[in-house]
>>> print(open('work-v7.txt').read())   # compact mmCIF, C-alpha atoms and all ligand atoms
# COMPACT_ATOMS: atom_id res chain seq x y z
CA MET A 1 -94.62 11.76 -130.51
CA SER A 2 -93.08 13.25 -127.39
CA VAL A 3 -90.75 16.19 -127.84
CA ARG A 4 -87.00 15.49 -127.88
CA HIS A 5 -84.63 17.45 -125.66
CA PHE A 6 -80.86 17.76 -125.47
CA ARG A 7 -80.33 18.13 -121.72
CA SER A 8 -77.33 15.87 -121.69
CA VAL A 9 -75.14 13.99 -124.17
CA THR A 10 -76.95 10.87 -122.94
CA ASP A 11 -80.24 12.13 -124.41
CA PHE A 12 -78.85 10.99 -127.79
CA SER A 13 -77.89 7.42 -128.57
CA PRO A 14 -74.38 6.80 -129.92
CA ALA A 15 -75.88 6.43 -133.42
CA GLU A 16 -77.74 9.75 -133.04
CA ILE A 17 -74.55 11.47 -131.88
CA ARG A 18 -72.69 10.16 -134.91
CA ALA A 19 -75.53 11.42 -137.11
CA VAL A 20 -75.36 14.90 -135.52
CA LEU A 21 -71.60 15.07 -136.10
CA GLU A 22 -71.98 13.98 -139.71
CA LEU A 23 -74.77 16.50 -140.27
CA ALA A 24 -72.60 19.22 -138.72
CA ASN A 25 -69.86 18.42 -141.19
CA LYS A 26 -72.32 18.54 -144.11
CA ILE A 27 -73.66 21.88 -142.90
CA LYS A 28 -70.12 23.20 -142.49
CA ARG A 29 -69.21 22.21 -146.04
CA LYS A 30 -72.44 23.39 -147.70
CA PRO A 31 -74.10 25.93 -145.40
CA LYS A 32 -76.28 27.41 -148.14
CA ARG A 33 -78.16 24.12 -148.53
CA TYR A 34 -79.56 24.60 -145.03
CA ARG A 35 -80.59 28.23 -145.39
CA LYS A 36 -84.28 27.35 -145.09
CA ALA A 37 -83.99 24.37 -142.72
CA LEU A 38 -85.65 26.23 -139.83
CA ARG A 39 -87.45 28.91 -141.81
CA GLY A 40 -89.89 30.86 -139.67
CA GLN A 41 -88.81 29.19 -136.43
CA THR A 42 -87.73 30.99 -133.28
CA LEU A 43 -85.33 29.84 -130.60
CA ALA A 44 -85.60 31.41 -127.12
CA MET A 45 -82.19 31.65 -125.45
CA ILE A 46 -82.30 32.01 -121.66
CA PHE A 47 -79.01 33.03 -120.05
CA GLN A 48 -78.45 33.00 -116.29
CA LYS A 49 -74.69 33.20 -116.96
CA LYS A 50 -72.39 35.04 -119.34
CA SER A 51 -71.50 33.69 -122.77
CA THR A 52 -69.62 34.60 -125.92
CA ARG A 53 -69.45 31.43 -128.04
CA THR A 54 -72.75 29.83 -127.06
CA ARG A 55 -74.75 32.98 -127.47
CA VAL A 56 -73.18 34.07 -130.74
CA SER A 57 -73.12 30.63 -132.35
CA PHE A 58 -76.74 29.84 -131.50
CA GLU A 59 -77.94 33.26 -132.61
CA VAL A 60 -75.96 33.24 -135.84
CA GLY A 61 -76.82 29.58 -136.38
CA MET A 62 -80.57 30.22 -136.15
CA PHE A 63 -80.24 33.13 -138.57
CA GLN A 64 -78.25 31.03 -141.05
CA LEU A 65 -80.92 28.30 -140.89
CA GLY A 66 -83.63 30.80 -141.80
CA GLY A 67 -84.93 31.23 -138.27
CA HIS A 68 -84.60 33.75 -135.49
CA ALA A 69 -83.16 33.72 -131.96
CA LEU A 70 -84.22 35.76 -128.94
CA PHE A 71 -81.65 36.63 -126.29
CA LEU A 72 -83.34 36.49 -122.90
CA GLY A 73 -80.96 37.47 -120.12
CA SER A 74 -82.44 36.05 -116.93
CA SER A 75 -82.36 39.45 -115.23
CA ASP A 76 -84.37 40.94 -118.10
CA ILE A 77 -87.22 38.42 -118.01
CA GLN A 78 -89.59 37.66 -115.16
CA ILE A 79 -87.56 34.64 -114.01
CA GLY A 80 -85.31 37.28 -112.46
CA ARG A 81 -88.29 38.46 -110.36
CA GLY A 82 -89.32 35.00 -109.27
CA GLU A 83 -91.62 33.76 -112.03
CA THR A 84 -91.39 29.98 -111.93
CA ILE A 85 -89.35 27.91 -114.35
CA ALA A 86 -92.48 25.88 -115.10
CA ASP A 87 -94.56 28.92 -116.06
CA THR A 88 -91.70 30.34 -118.08
CA ALA A 89 -91.31 27.07 -120.00
CA LYS A 90 -95.04 26.83 -120.69
CA VAL A 91 -95.35 30.43 -121.85
CA ILE A 92 -92.25 30.43 -124.06
CA SER A 93 -93.45 27.17 -125.64
CA ARG A 94 -96.54 29.07 -126.85
CA TYR A 95 -94.36 31.55 -128.78
CA CYS A 96 -91.17 29.75 -129.73
CA ASP A 97 -90.14 26.50 -131.39
CA GLY A 98 -87.23 25.70 -129.10
CA ILE A 99 -85.53 26.82 -125.90
CA MET A 100 -81.79 26.92 -125.29
CA ALA A 101 -80.83 27.67 -121.70
CA ARG A 102 -77.60 28.37 -119.86
CA VAL A 103 -78.25 27.98 -116.15
CA TYR A 104 -76.73 27.13 -112.78
CA GLY A 105 -78.39 23.94 -111.56
CA HIS A 106 -79.00 20.98 -113.86
CA ALA A 107 -82.42 20.74 -112.18
CA THR A 108 -83.39 23.97 -113.96
CA ILE A 109 -82.74 22.32 -117.33
CA GLU A 110 -84.78 19.29 -116.24
CA GLU A 111 -87.61 21.51 -115.05
CA LEU A 112 -87.66 23.50 -118.29
CA ALA A 113 -87.79 20.25 -120.26
CA GLU A 114 -90.52 18.83 -118.04
CA HIS A 115 -92.83 21.77 -118.68
CA ALA A 116 -91.87 22.88 -122.20
CA THR A 117 -93.74 21.53 -125.18
CA VAL A 118 -90.81 22.39 -127.48
CA PRO A 119 -87.24 21.01 -127.45
CA VAL A 120 -84.97 22.23 -124.64
CA ILE A 121 -81.22 22.41 -125.27
CA ASN A 122 -78.68 22.61 -122.44
CA GLY A 123 -76.37 25.49 -123.30
CA LEU A 124 -74.30 24.73 -120.15
CA CYS A 125 -75.24 24.11 -116.56
CA ASP A 126 -73.06 23.45 -113.53
CA LEU A 127 -73.18 19.71 -114.27
CA GLU A 128 -72.83 19.42 -118.05
CA HIS A 129 -71.97 21.22 -121.28
CA PRO A 130 -73.16 18.80 -123.97
CA CYS A 131 -73.16 21.21 -126.96
CA GLN A 132 -69.49 21.94 -126.32
CA THR A 133 -68.35 18.33 -126.21
CA LEU A 134 -70.19 17.30 -129.39
CA CYS A 135 -68.31 20.18 -130.98
CA ASP A 136 -65.05 18.91 -129.45
CA ALA A 137 -65.71 15.45 -130.90
CA ALA A 138 -66.43 16.98 -134.32
CA THR A 139 -63.15 18.89 -134.12
CA LEU A 140 -61.15 15.75 -133.31
CA VAL A 141 -62.87 13.79 -136.10
CA GLU A 142 -62.03 16.57 -138.53
CA LYS A 143 -58.38 16.65 -137.46
CA TRP A 144 -57.86 12.90 -137.37
CA SER A 145 -59.78 11.87 -140.51
CA PRO A 146 -57.84 11.41 -143.75
CA PRO A 147 -57.88 14.67 -145.79
CA GLY A 148 -61.21 15.33 -147.46
CA THR A 149 -63.07 12.80 -145.30
CA PHE A 150 -65.01 12.92 -142.04
CA ASP A 151 -65.01 9.52 -140.34
CA VAL A 152 -66.39 9.48 -136.80
CA GLY A 153 -64.81 6.02 -136.44
CA VAL A 154 -61.35 7.63 -136.11
CA LEU A 155 -62.16 8.36 -132.46
CA ARG A 156 -62.22 4.66 -131.60
CA GLY A 157 -59.23 3.64 -129.56
CA LYS A 158 -57.90 7.19 -129.27
CA THR A 159 -57.41 8.73 -125.83
CA LEU A 160 -58.42 12.20 -124.74
CA CYS A 161 -56.90 13.32 -121.45
CA TYR A 162 -58.66 16.13 -119.60
CA VAL A 163 -56.51 17.81 -116.96
CA GLY A 164 -58.07 20.05 -114.30
CA ASP A 165 -61.38 20.50 -112.55
CA GLY A 166 -63.82 17.57 -112.66
CA ASN A 167 -66.55 19.97 -113.75
CA ASN A 168 -69.28 20.25 -116.39
CA MET A 169 -66.69 19.88 -119.17
CA ALA A 170 -65.18 16.74 -117.64
CA HIS A 171 -68.64 15.22 -117.25
CA SER A 172 -69.76 15.83 -120.83
CA LEU A 173 -66.38 14.69 -122.21
CA LEU A 174 -66.82 11.41 -120.33
CA ASP A 175 -70.33 10.94 -121.79
CA THR A 176 -69.15 11.86 -125.29
CA GLY A 177 -66.05 9.67 -125.29
CA ALA A 178 -68.08 6.75 -123.97
CA ALA A 179 -70.67 7.14 -126.72
CA LEU A 180 -68.09 7.33 -129.49
CA GLY A 181 -65.60 4.71 -128.35
CA MET A 182 -62.88 7.18 -127.34
CA ASN A 183 -61.01 6.61 -124.06
CA VAL A 184 -61.24 9.52 -121.63
CA THR A 185 -58.77 10.04 -118.79
CA ILE A 186 -59.63 12.70 -116.24
CA VAL A 187 -56.65 13.96 -114.24
CA ALA A 188 -57.99 15.96 -111.32
CA PRO A 189 -56.97 16.49 -107.70
CA VAL A 190 -58.84 14.55 -105.03
CA GLY A 191 -61.79 16.69 -103.95
CA TYR A 192 -62.24 18.05 -107.51
CA GLN A 193 -62.79 14.79 -109.35
CA PRO A 194 -65.88 14.23 -111.51
CA ASP A 195 -69.26 13.11 -110.23
CA ALA A 196 -69.12 9.38 -109.47
CA ALA A 197 -72.53 8.72 -111.03
CA ILE A 198 -71.43 10.26 -114.34
CA VAL A 199 -68.15 8.32 -114.29
CA ALA A 200 -70.17 5.14 -113.65
CA ARG A 201 -72.62 5.72 -116.50
CA ALA A 202 -69.81 6.59 -118.91
CA THR A 203 -67.89 3.49 -117.83
CA LEU A 204 -70.97 1.36 -118.48
CA LEU A 205 -71.57 2.83 -121.94
CA GLY A 206 -67.85 2.71 -122.72
CA ALA A 207 -67.84 -1.03 -122.01
CA GLN A 208 -70.28 -1.36 -124.94
CA THR A 209 -68.38 0.93 -127.32
CA GLY A 210 -64.87 -0.18 -126.36
CA ALA A 211 -63.88 3.00 -124.50
CA VAL A 212 -62.16 3.10 -121.12
CA MET A 213 -62.92 5.85 -118.60
CA THR A 214 -60.17 6.62 -116.08
CA VAL A 215 -60.03 9.07 -113.19
CA THR A 216 -56.69 9.75 -111.54
CA ASP A 217 -54.65 12.44 -109.82
CA ASP A 218 -51.43 11.17 -111.37
CA LEU A 219 -50.11 14.15 -113.32
CA GLN A 220 -47.16 12.15 -114.64
CA GLU A 221 -48.91 9.02 -115.92
CA GLY A 222 -52.41 10.40 -116.67
CA PRO A 223 -51.45 12.41 -119.77
CA ARG A 224 -48.86 9.88 -120.98
CA GLY A 225 -49.32 9.03 -124.66
CA ALA A 226 -52.69 10.82 -124.91
CA ASP A 227 -53.85 11.76 -128.41
CA ALA A 228 -55.45 14.97 -127.17
CA LEU A 229 -55.04 17.08 -124.05
CA TYR A 230 -57.97 19.19 -122.88
CA THR A 231 -58.34 21.65 -120.06
CA ASP A 232 -60.81 24.20 -118.73
CA VAL A 233 -60.80 26.98 -116.16
CA TRP A 234 -60.15 26.10 -112.53
CA ALA A 235 -63.00 28.29 -111.28
CA SER A 236 -66.15 28.02 -113.36
CA MET A 237 -68.93 30.57 -113.60
CA GLY A 238 -70.51 30.83 -110.17
CA GLN A 239 -67.27 29.78 -108.41
CA GLU A 240 -65.50 33.13 -108.64
CA ASP A 241 -65.30 33.35 -104.84
CA GLU A 242 -63.29 30.12 -104.73
CA HIS A 243 -60.67 31.36 -107.18
CA ALA A 244 -57.86 31.82 -104.64
CA GLN A 245 -58.39 28.45 -102.97
CA ARG A 246 -58.63 26.73 -106.36
CA LEU A 247 -55.31 28.24 -107.48
CA VAL A 248 -53.78 26.34 -104.58
CA ALA A 249 -55.72 23.11 -105.21
CA PHE A 250 -54.74 23.02 -108.88
CA ALA A 251 -51.07 23.93 -108.46
CA GLY A 252 -49.12 21.72 -110.90
CA TYR A 253 -52.17 21.11 -113.10
CA GLN A 254 -51.27 23.66 -115.77
CA VAL A 255 -51.12 22.15 -119.26
CA ASP A 256 -47.68 23.37 -120.27
CA ALA A 257 -44.97 22.25 -122.69
CA ALA A 258 -43.66 19.68 -120.21
CA MET A 259 -47.09 18.07 -119.93
CA MET A 260 -47.62 18.16 -123.71
CA ALA A 261 -44.27 16.39 -124.03
CA ARG A 262 -45.67 13.42 -122.05
CA ALA A 263 -48.60 13.09 -124.47
CA HIS A 264 -48.36 11.70 -128.03
CA PRO A 265 -45.87 13.80 -130.01
CA GLU A 266 -48.71 14.98 -132.31
CA ALA A 267 -51.27 15.38 -129.54
CA LEU A 268 -53.81 18.14 -130.08
CA PHE A 269 -54.61 20.73 -127.43
CA LEU A 270 -58.24 21.68 -126.87
CA HIS A 271 -59.97 24.15 -124.54
CA CYS A 272 -63.64 25.09 -124.53
CA LEU A 273 -62.67 28.73 -123.82
CA PRO A 274 -62.60 31.25 -122.28
CA ALA A 275 -58.99 30.41 -121.31
CA HIS A 276 -56.83 31.85 -118.57
CA ARG A 277 -53.31 31.72 -119.97
CA GLY A 278 -50.85 31.25 -117.14
CA GLU A 279 -53.39 29.35 -115.02
CA GLU A 280 -54.84 26.14 -116.45
CA VAL A 281 -52.77 26.42 -119.64
CA SER A 282 -49.51 28.13 -120.56
CA ALA A 283 -49.68 30.73 -123.32
CA GLU A 284 -47.09 28.68 -125.20
CA VAL A 285 -49.42 25.66 -125.43
CA CYS A 286 -52.65 27.61 -125.82
CA ASP A 287 -51.31 29.52 -128.81
CA GLY A 288 -48.86 26.86 -129.97
CA PRO A 289 -48.82 24.66 -133.10
CA GLN A 290 -50.71 21.75 -131.47
CA SER A 291 -53.57 23.96 -130.29
CA VAL A 292 -56.86 23.76 -132.22
CA ILE A 293 -58.85 26.07 -129.96
CA PHE A 294 -60.14 28.40 -132.67
CA ASP A 295 -61.22 25.61 -135.04
CA GLU A 296 -62.93 24.13 -131.99
CA ALA A 297 -64.68 27.43 -131.25
CA GLU A 298 -65.76 27.74 -134.89
CA ASN A 299 -67.25 24.25 -134.79
CA ARG A 300 -69.67 25.37 -132.10
CA LEU A 301 -71.58 27.08 -134.91
CA HIS A 302 -71.75 24.06 -137.21
CA VAL A 303 -72.53 21.56 -134.47
CA GLN A 304 -75.14 23.80 -132.90
CA LYS A 305 -76.86 24.09 -136.28
CA ALA A 306 -76.87 20.30 -136.56
CA ILE A 307 -78.39 19.97 -133.08
CA LEU A 308 -81.05 22.57 -133.93
CA VAL A 309 -81.94 20.87 -137.23
CA THR A 310 -82.06 17.47 -135.52
CA LEU A 311 -84.44 18.66 -132.79
CA MET A 312 -86.48 21.32 -134.59
CA GLY A 313 -86.18 20.50 -138.29
N1 LIG A 401 -67.23 27.45 -124.49
C1 LIG A 401 -68.30 28.21 -124.21
O1 LIG A 401 -69.39 27.70 -123.93
O2 LIG A 401 -68.08 29.54 -124.30
P1 LIG A 401 -69.05 30.70 -123.80
O3 LIG A 401 -69.09 30.63 -122.31
O4 LIG A 401 -68.42 31.95 -124.31
O5 LIG A 401 -70.41 30.46 -124.40
N1 LIG A 402 -66.48 25.17 -116.79
C1 LIG A 402 -66.70 26.46 -117.41
C2 LIG A 402 -67.03 26.28 -118.86
C3 LIG A 402 -67.24 27.54 -119.63
C4 LIG A 402 -67.58 27.32 -121.05
C5 LIG A 402 -67.83 27.16 -116.69
O1 LIG A 402 -68.81 26.51 -116.34
O2 LIG A 402 -67.71 28.36 -116.44
>>> encode(input="work-v7.txt", output="structure tokens", more="lines below")
Ligand code: CP
Ligand code: NVA
Amino acid sequence: MSVRHFRSVTDFSPAEIRAVLELANKIKRKPKRYRKALRGQTLAMIFQKKSTRTRVSFEVGMFQLGGHALFLGSSDIQIGRGETIADTAKVISRYCDGIMARVYGHATIEELAEHATVPVINGLCDLEHPCQTLCDAATLVEKWSPPGTFDVGVLRGKTLCYVGDGNNMAHSLLDTGAALGMNVTIVAPVGYQPDAAIVARATLLGAQTGAVMTVTDDLQEGPRGADALYTDVWASMGQEDEHAQRLVAFAGYQVDAAMMARAHPEALFLHCLPAHRGEEVSAEVCDGPQSVIFDEAENRLHVQKAILVTLMG
């Protein structure tokens, strides 16, 4: 059987995504049951970019599953001196049971997966952040399910509105909402809207699951009535030089109390973090009663463990 990868949300079918979320919830409730799930296995973690949550949750997750994780900063391994992605993938596959990589171009993830003989997990690239958005879905299911239950079906017919840059987060939220029957509205300025091919594939899948994908620059109507508001930084990793110009482009896009007031009165606020309070979100919303950012961050651990068990178990 060929090796399974998680390069993109679309590598898993809707049924497989539901299964990962349900497994994550089981692992969260009874972590000790999974203490030996990946006993003796090693995950290589390649990082071309910084990370707090992804690094810590994968490393701790592997440990809690009975395995081990190796942190490989790209400037510390030979990739940093020009060794090819293909050779790196082939060599690491001889030592390790899985590879998680955080990189710039999506092509690097594809190339790792093409040459690795072990599962490759996308720990964020410029195009997508699939581990994050499965975690976001798990967080919403948790919050919207009746107490004591975890029903992925609660996402159906709900609307998540993402306000800001049409970046990796926007793309993976579109794929995730489409798979799970949750409407996704992206409110982004013209010039910073999501990749048309990803919008098209999410729209196509959404037509099968009953979810509507919308892209708009209407800051008044876009968030109206949404069940969850989501935002992310205006300048992602690798775009630091564009920060000043992006502050101008995204003027008015801050998720603040006035924007929350246009959403459903009990709308949740999510952010993948790190957050810049006073830029894409006001401190009042980020740290306010509707914000679930720390439960969301915690769920990275549980969902990552479910992804690891699914691919490597
Ligand atoms: N949300 C997220 O991926 O955080 P890190 O960049 O800290 O890993
Ligand atoms: N869009 C952000 C997400 C960080 C988790 C970035 O790529 O830097």
>>> residues_near_ligand(input="work-v7.txt", ligand="ligand LIG 402 (chain A)", cutoff="10 Å", atoms="all atoms listed in the file", output="JSON, numbers by chain")
{"A": [49, 50, 51, 52, 53, 54, 102, 103, 104, 123, 124, 125, 126, 127, 128, 129, 132, 165, 166, 167, 168, 169, 170, 231, 232, 233, 234, 235, 236, 237, 238, 239, 240, 271, 272, 273, 274, 275]}
>>> atom_distance(input="work-v7.txt", atom1="atom CA of Glu110 of chain A", atom2="atom CA of Lys90 of chain A")
13.5 Å
>>> residues_around(input="work-v7.txt", residues="Ala207 of chain A", least_positions_apart="6", cutoff="12 Å", atoms="only C-alpha atoms", output="ChimeraX atom specification")
/A:177-183,200-201,213
>>> closest_residue(input="work-v7.txt", among="A:Lys143, A:Arg55, A:His171, A:Lys305", to="ligand LIG 401 (chain A)", atoms="all atoms listed in the file")
A:Arg55
>>> residues_around(input="work-v7.txt", residues="Gly191 of chain A", least_positions_apart="3", cutoff="12 Å", atoms="all atoms listed in the file", output="list in words")
Gly164, Asp165, Gly166, Asn167, Val187, Ala188, Pro194, Asp195, Ala196, Thr216, Asp217, Arg246, Ala249 and Phe250 of chain A
>>> atom_distance(input="work-v7.txt", atom1="atom CA of Phe269 of chain A", atom2="atom CA of Ala137 of chain A")
12.8 Å
>>> atom_distance(input="work-v7.txt", atom1="atom CA of Asp256 of chain A", atom2="atom CA of Glu284 of chain A")
7.3 Å
>>> closest_residue(input="work-v7.txt", among="A:Leu268, A:Ala101, A:Ala202, A:Ala297", to="ligand LIG 401 (chain A)", atoms="all atoms listed in the file")
A:Ala297
>>> axis_aligned_box(input="work-v7.txt", around="segment 134-140 of chain A", padding_each_side="6 Å", output="JSON")
{"center_x": -65.7, "center_y": 17.8, "center_z": -131.9, "size_x": 21.0, "size_y": 16.7, "size_z": 16.9}
>>> build_atoms(input="work-v7.txt", residues="segment 153-179 of chain A", atoms="N, CA, C and O atoms", output="PDB file, in the frame of the given file")
ATOM      1  N   GLY A 153     -65.497   7.228-136.934  1.00  0.00           N
ATOM      2  CA  GLY A 153     -64.810   6.020-136.440  1.00  0.00           C
ATOM      3  C   GLY A 153     -63.364   6.268-136.029  1.00  0.00           C
ATOM      4  O   GLY A 153     -62.794   5.459-135.288  1.00  0.00           O
ATOM      5  N   VAL A 154     -62.765   7.383-136.479  1.00  0.00           N
ATOM      6  CA  VAL A 154     -61.350   7.630-136.110  1.00  0.00           C
ATOM      7  C   VAL A 154     -61.179   7.835-134.610  1.00  0.00           C
ATOM      8  O   VAL A 154     -60.069   7.747-134.090  1.00  0.00           O
ATOM      9  N   LEU A 155     -62.271   8.125-133.911  1.00  0.00           N
ATOM     10  CA  LEU A 155     -62.160   8.360-132.460  1.00  0.00           C
ATOM     11  C   LEU A 155     -61.921   7.053-131.690  1.00  0.00           C
ATOM     12  O   LEU A 155     -61.386   7.069-130.577  1.00  0.00           O
ATOM     13  N   ARG A 156     -62.333   5.956-132.293  1.00  0.00           N
ATOM     14  CA  ARG A 156     -62.220   4.660-131.600  1.00  0.00           C
ATOM     15  C   ARG A 156     -60.771   4.340-131.261  1.00  0.00           C
ATOM     16  O   ARG A 156     -59.897   4.404-132.122  1.00  0.00           O
ATOM     17  N   GLY A 157     -60.572   4.032-129.999  1.00  0.00           N
ATOM     18  CA  GLY A 157     -59.230   3.640-129.560  1.00  0.00           C
ATOM     19  C   GLY A 157     -58.305   4.813-129.266  1.00  0.00           C
ATOM     20  O   GLY A 157     -57.219   4.624-128.723  1.00  0.00           O
ATOM     21  N   LYS A 158     -58.719   6.023-129.622  1.00  0.00           N
ATOM     22  CA  LYS A 158     -57.900   7.190-129.270  1.00  0.00           C
ATOM     23  C   LYS A 158     -58.165   7.544-127.796  1.00  0.00           C
ATOM     24  O   LYS A 158     -59.173   7.136-127.220  1.00  0.00           O
ATOM     25  N   THR A 159     -57.252   8.324-127.232  1.00  0.00           N
ATOM     26  CA  THR A 159     -57.410   8.730-125.830  1.00  0.00           C
ATOM     27  C   THR A 159     -57.357  10.237-125.688  1.00  0.00           C
ATOM     28  O   THR A 159     -56.398  10.874-126.141  1.00  0.00           O
ATOM     29  N   LEU A 160     -58.410  10.780-125.087  1.00  0.00           N
ATOM     30  CA  LEU A 160     -58.420  12.200-124.740  1.00  0.00           C
ATOM     31  C   LEU A 160     -58.164  12.294-123.245  1.00  0.00           C
ATOM     32  O   LEU A 160     -58.826  11.616-122.450  1.00  0.00           O
ATOM     33  N   CYS A 161     -57.198  13.120-122.873  1.00  0.00           N
ATOM     34  CA  CYS A 161     -56.900  13.320-121.450  1.00  0.00           C
ATOM     35  C   CYS A 161     -57.294  14.740-121.066  1.00  0.00           C
ATOM     36  O   CYS A 161     -56.781  15.708-121.636  1.00  0.00           O
ATOM     37  N   TYR A 162     -58.206  14.836-120.122  1.00  0.00           N
ATOM     38  CA  TYR A 162     -58.660  16.130-119.600  1.00  0.00           C
ATOM     39  C   TYR A 162     -57.949  16.357-118.270  1.00  0.00           C
ATOM     40  O   TYR A 162     -58.004  15.501-117.380  1.00  0.00           O
ATOM     41  N   VAL A 163     -57.299  17.513-118.159  1.00  0.00           N
ATOM     42  CA  VAL A 163     -56.510  17.810-116.960  1.00  0.00           C
ATOM     43  C   VAL A 163     -57.124  19.030-116.262  1.00  0.00           C
ATOM     44  O   VAL A 163     -57.213  20.106-116.879  1.00  0.00           O
ATOM     45  N   GLY A 164     -57.551  18.883-115.025  1.00  0.00           N
ATOM     46  CA  GLY A 164     -58.070  20.050-114.300  1.00  0.00           C
ATOM     47  C   GLY A 164     -59.259  19.712-113.443  1.00  0.00           C
ATOM     48  O   GLY A 164     -59.302  18.656-112.799  1.00  0.00           O
ATOM     49  N   ASP A 165     -60.226  20.626-113.440  1.00  0.00           N
ATOM     50  CA  ASP A 165     -61.380  20.500-112.550  1.00  0.00           C
ATOM     51  C   ASP A 165     -62.366  19.445-113.100  1.00  0.00           C
ATOM     52  O   ASP A 165     -62.725  19.494-114.283  1.00  0.00           O
ATOM     53  N   GLY A 166     -62.830  18.574-112.256  1.00  0.00           N
ATOM     54  CA  GLY A 166     -63.820  17.570-112.660  1.00  0.00           C
ATOM     55  C   GLY A 166     -65.201  18.181-112.767  1.00  0.00           C
ATOM     56  O   GLY A 166     -66.122  17.801-112.049  1.00  0.00           O
ATOM     57  N   ASN A 167     -65.354  19.116-113.675  1.00  0.00           N
ATOM     58  CA  ASN A 167     -66.550  19.970-113.750  1.00  0.00           C
ATOM     59  C   ASN A 167     -67.479  19.553-114.900  1.00  0.00           C
ATOM     60  O   ASN A 167     -67.405  18.428-115.404  1.00  0.00           O
ATOM     61  N   ASN A 168     -68.335  20.496-115.292  1.00  0.00           N
ATOM     62  CA  ASN A 168     -69.280  20.250-116.390  1.00  0.00           C
ATOM     63  C   ASN A 168     -68.573  19.747-117.663  1.00  0.00           C
ATOM     64  O   ASN A 168     -69.063  18.847-118.342  1.00  0.00           O
ATOM     65  N   MET A 169     -67.411  20.312-117.974  1.00  0.00           N
ATOM     66  CA  MET A 169     -66.690  19.880-119.170  1.00  0.00           C
ATOM     67  C   MET A 169     -66.232  18.435-119.027  1.00  0.00           C
ATOM     68  O   MET A 169     -66.391  17.625-119.945  1.00  0.00           O
ATOM     69  N   ALA A 170     -65.645  18.116-117.873  1.00  0.00           N
ATOM     70  CA  ALA A 170     -65.180  16.740-117.640  1.00  0.00           C
ATOM     71  C   ALA A 170     -66.346  15.765-117.779  1.00  0.00           C
ATOM     72  O   ALA A 170     -66.215  14.710-118.407  1.00  0.00           O
ATOM     73  N   HIS A 171     -67.487  16.125-117.211  1.00  0.00           N
ATOM     74  CA  HIS A 171     -68.640  15.220-117.250  1.00  0.00           C
ATOM     75  C   HIS A 171     -69.099  14.968-118.693  1.00  0.00           C
ATOM     76  O   HIS A 171     -69.325  13.826-119.099  1.00  0.00           O
ATOM     77  N   SER A 172     -69.254  16.032-119.465  1.00  0.00           N
ATOM     78  CA  SER A 172     -69.760  15.830-120.830  1.00  0.00           C
ATOM     79  C   SER A 172     -68.712  15.182-121.725  1.00  0.00           C
ATOM     80  O   SER A 172     -69.062  14.453-122.656  1.00  0.00           O
ATOM     81  N   LEU A 173     -67.421  15.399-121.438  1.00  0.00           N
ATOM     82  CA  LEU A 173     -66.380  14.690-122.210  1.00  0.00           C
ATOM     83  C   LEU A 173     -66.447  13.196-121.920  1.00  0.00           C
ATOM     84  O   LEU A 173     -66.289  12.374-122.829  1.00  0.00           O
ATOM     85  N   LEU A 174     -66.682  12.826-120.668  1.00  0.00           N
ATOM     86  CA  LEU A 174     -66.820  11.410-120.330  1.00  0.00           C
ATOM     87  C   LEU A 174     -67.995  10.797-121.114  1.00  0.00           C
ATOM     88  O   LEU A 174     -67.851   9.749-121.757  1.00  0.00           O
ATOM     89  N   ASP A 175     -69.149  11.457-121.080  1.00  0.00           N
ATOM     90  CA  ASP A 175     -70.330  10.940-121.790  1.00  0.00           C
ATOM     91  C   ASP A 175     -70.065  10.831-123.294  1.00  0.00           C
ATOM     92  O   ASP A 175     -70.488   9.880-123.947  1.00  0.00           O
ATOM     93  N   THR A 176     -69.377  11.825-123.833  1.00  0.00           N
ATOM     94  CA  THR A 176     -69.150  11.860-125.290  1.00  0.00           C
ATOM     95  C   THR A 176     -68.143  10.798-125.702  1.00  0.00           C
ATOM     96  O   THR A 176     -68.357  10.081-126.687  1.00  0.00           O
ATOM     97  N   GLY A 177     -67.043  10.694-124.970  1.00  0.00           N
ATOM     98  CA  GLY A 177     -66.050   9.670-125.290  1.00  0.00           C
ATOM     99  C   GLY A 177     -66.669   8.285-125.204  1.00  0.00           C
ATOM    100  O   GLY A 177     -66.472   7.445-126.088  1.00  0.00           O
ATOM    101  N   ALA A 178     -67.447   8.063-124.150  1.00  0.00           N
ATOM    102  CA  ALA A 178     -68.080   6.750-123.970  1.00  0.00           C
ATOM    103  C   ALA A 178     -68.985   6.413-125.140  1.00  0.00           C
ATOM    104  O   ALA A 178     -68.996   5.288-125.636  1.00  0.00           O
ATOM    105  N   ALA A 179     -69.740   7.390-125.615  1.00  0.00           N
ATOM    106  CA  ALA A 179     -70.670   7.140-126.720  1.00  0.00           C
ATOM    107  C   ALA A 179     -69.933   6.820-128.018  1.00  0.00           C
ATOM    108  O   ALA A 179     -70.415   6.046-128.839  1.00  0.00           O
TER     109      ALA A 179
END
